[in-house]
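Down below is the structure, laid out as structure tokens.
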Amino acid sequence: PIPVVLDVDTGVDDACALLLAALHPSLDLRAVTCVGGNAPVDAVLANTLTVLDAANRPDVPVARGAERPLLEEPVDARHVHGQDGMGDLDWPKSTRQPDPRHAVELLRDVLLEAAGGDQDGRVTLIPLAPLTNIALLLRSYPAVASGIREIVFMGGAAEVGNATASAEFNVFHDPEAAAIVLDACADLDIDVTMYGLDVFYAPRVGREVAKTLSAPGDRSAADLAGRLIAFQCERFGGEGATIGDAGAVCAVLEPAGVRRERLPVRVELAGTWSRGRTIVDRRDWTGDMTHDPHGQARSSIDVCLEVDAQRYATLWLDTVSGGLR
Ligand code: BDR
Ligand code: CA
């Protein structure tokens, strides 16, 4: 199995991603770290533990991380994800205790341990939330880089945004953190894939299929998965809902399901209407974004521009349904 760590702001679609990562036999989920984003970090922590309980994974350590962005006040997205951040479902809260370490310390320990092993043991880091924890990690403990196989993050967009017309929520929430992560990855030679809004909404599950998952009402992982989709259908109307963040986990499991281009990406930190936008340079000649102000070459990252939506929706459904369908 591929060793993975998720950094989340659970979050209805983070919950979908956690179920996939916790249940798929080809993934070895080593830890989950929490950050404030969709909801305040304590709600995120409680939701994350609840999802892992439903997946019967009490073995996975879960740690609390940054409460707020590096520079600005937090602006959550409970109008999208419900008051508790995870759909206000009628679902028992976990009584499990989190790991006593701060998220950044748990990440450090897991990644340094991987760095001491062989190449195959390196960890794929999957941030699905504002990048605050990851920025703090890479600047505080750069030696973790040799324990990272790659970073596949949900965030940004080559085209339009969602939090604002130009910025995607995770990057908009903490633009400085996103800029630091891209900068640190260039310095530390870490491969990065951006699974952004250009592909994020496409893999979807129908309302009727969701009903078959929830039918047993048995508080299983499948039951939770069905209710998460049903919540979104209710809230936004429509005959289906996106699996959202779970698509980034699919991109690790089945990389051929996305078309990527290697492109320079920077984060806009100023701008009246564009703060938090990821500027993706799609010009086909060498542009100013391929070098820093000192003339030093800056590496590009893989940007997901198209997704086989049916393939990823099926991968998610097959995994979370546990043979129910
Ligand atoms: C991202 O923002 C959050 O609302 C979702 O969980 C996802 O990570 C999409 O912009
Ligand atoms: Ca998220």
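Order determines the names: the first chain of the structure tokens is A, the second B, and so forth; residues in each chain are numbered 1 upward, and ligands are numbered 1 upward as they are shown.
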Counting only C-alpha atoms and all ligand atoms, which residues of chain A sit at most 7 Å from some atom of ligand 2, and what is each one's closest atom pair with its distance in Å to one decimal, listed by chain and rising residue number, as a tab-separated table?
```
residue	atom	partner	partner_atom_place_in_ligand_line	distance
A:Val8	CA	ligand 2	1 (Ca)	5.7
A:Asp9	CA	ligand 2	1 (Ca)	5.1
A:Thr10	CA	ligand 2	1 (Ca)	6.2
A:Gly11	CA	ligand 2	1 (Ca)	5.7
A:Asp13	CA	ligand 2	1 (Ca)	6.4
A:Asp14	CA	ligand 2	1 (Ca)	4.9
A:Asn38	CA	ligand 2	1 (Ca)	6.7
A:Leu128	CA	ligand 2	1 (Ca)	4.5
A:Ala129	CA	ligand 2	1 (Ca)	4.3
A:Asp245	CA	ligand 2	1 (Ca)	6.0
```
inquiry  = Could you list the protein, DNA and RNA residues that have any atom within 9 Å of ligand 1, counting only C-alpha atoms and all ligand atoms, and write them as a ChimeraX atom specification?
reply    = /A:8-15,37-38,76-78,80-81,127-130,154-156,161-163,167-172,196-197,200-201,244-245
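Distances to Leu228 (chain A) were evaluated for A:Ala39, A:Val110, A:Ala210, A:Leu131 using only C-alpha atoms, and the minimum falls at A:Ala210.
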task = Name the closest residue to Ala230 (chain A) among the candidates A:Pro58, A:Pro74, A:Gly87, A:Pro1; distances are taken between atoms, counting only C-alpha atoms.
result =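 Between A:Pro58, A:Pro74, A:Gly87, A:Pro1, the residue approaching Ala230 (chain A) most closely is A:Gly87.
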Nearest to Leu49 (chain A) by atom-to-atom distance, counting only C-alpha atoms, from A:Ile279, A:Leu70, A:Leu19, A:Val199 = A:Leu19
Shortest interatomic distance to Gly226 (chain A) - which of A:Val152, A:Leu106, A:Ala251, A:Leu89, counting only C-alpha atoms =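 The shortest atom-to-atom distance to Gly226 (chain A) comes from A:Leu89.
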Residue contacts of Lys211 (chain A) (12 Å, only C-alpha atoms) excluding same-chain residues fewer than 5 positions away, as a PyMOL selection string = chain A and resi 205-206+216-217+222-231+233+239-240+321+324-325
Expected file: the selected residues, C-alpha atoms, as a JSON list (two decimals), in the first residue's frame:
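What follows is the written file part-v1.json:
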```json
[["chain", "number", "residue", "atom", "x", "y", "z"],
["A", 205, "VAL", "CA", -22.62, 10.75, -7.01],
["A", 206, "GLY", "CA", -26.37, 10.70, -7.69],
["A", 216, "PRO", "CA", -29.21, 0.14, 6.22],
["A", 217, "GLY", "CA", -29.17, 3.04, 8.69],
["A", 222, "ALA", "CA", -21.47, 3.32, 3.83],
["A", 223, "ASP", "CA", -24.32, 4.81, 5.84],
["A", 224, "LEU", "CA", -22.24, 7.90, 6.64],
["A", 225, "ALA", "CA", -21.12, 8.21, 3.02],
["A", 226, "GLY", "CA", -24.73, 8.16, 1.85],
["A", 227, "ARG", "CA", -25.77, 10.81, 4.35],
["A", 228, "LEU", "CA", -22.89, 13.11, 3.35],
["A", 229, "ILE", "CA", -24.01, 13.02, -0.28],
["A", 230, "ALA", "CA", -27.68, 13.39, 0.70],
["A", 231, "PHE", "CA", -26.86, 16.47, 2.81],
["A", 233, "CYS", "CA", -28.15, 17.30, -2.46],
["A", 239, "GLU", "CA", -29.77, 15.17, -8.41],
["A", 240, "GLY", "CA", -26.26, 14.56, -7.20],
["A", 321, "SER", "CA", -20.01, 1.01, -0.07],
["A", 324, "LEU", "CA", -23.28, -2.88, -0.59],
["A", 325, "ARG", "CA", -24.07, -1.77, -4.14]]
```
Name the residues of region 56-196 of chain A that fall into strand (DSSP E) according to DSSP on the backbone, using the chain letters and numbers of this document, as a compact mmCIF listing (two decimals) with C-alpha atoms, in the first residue's frame.
```txt
# COMPACT_ATOMS: atom_id res chain seq x y z
CA VAL A 62 -5.35 12.32 14.63
CA ALA A 63 -3.88 15.63 15.80
CA ARG A 64 -5.15 19.17 16.25
CA VAL A 123 4.76 9.28 2.37
CA THR A 124 2.35 10.99 -0.02
CA LEU A 125 1.04 14.05 1.75
CA ILE A 126 -2.54 14.98 0.81
CA PRO A 127 -3.61 18.42 2.13
CA ILE A 148 7.80 12.91 1.35
CA ARG A 149 7.20 11.12 -1.96
CA GLU A 150 4.97 13.92 -3.25
CA ILE A 151 2.33 16.42 -2.18
CA VAL A 152 -1.08 16.18 -3.86
CA PHE A 153 -3.16 19.06 -2.56
CA MET A 154 -6.73 20.18 -3.12
CA VAL A 192 3.58 18.86 -6.12
CA THR A 193 0.26 18.17 -7.81
CA MET A 194 -2.51 20.74 -7.61
CA TYR A 195 -5.96 19.13 -7.68
```
key: Gap from CA of Val60 (chain A) to CA of Val32 (chain A) - Å, one decimal   = 7.2 Å
message = Just checking: using only C-alpha atoms, which residue out of A:Asp59, A:Arg262, A:Asp53, A:Ala248 ends up closest to Leu6 (chain A)?
response = A:Ala248
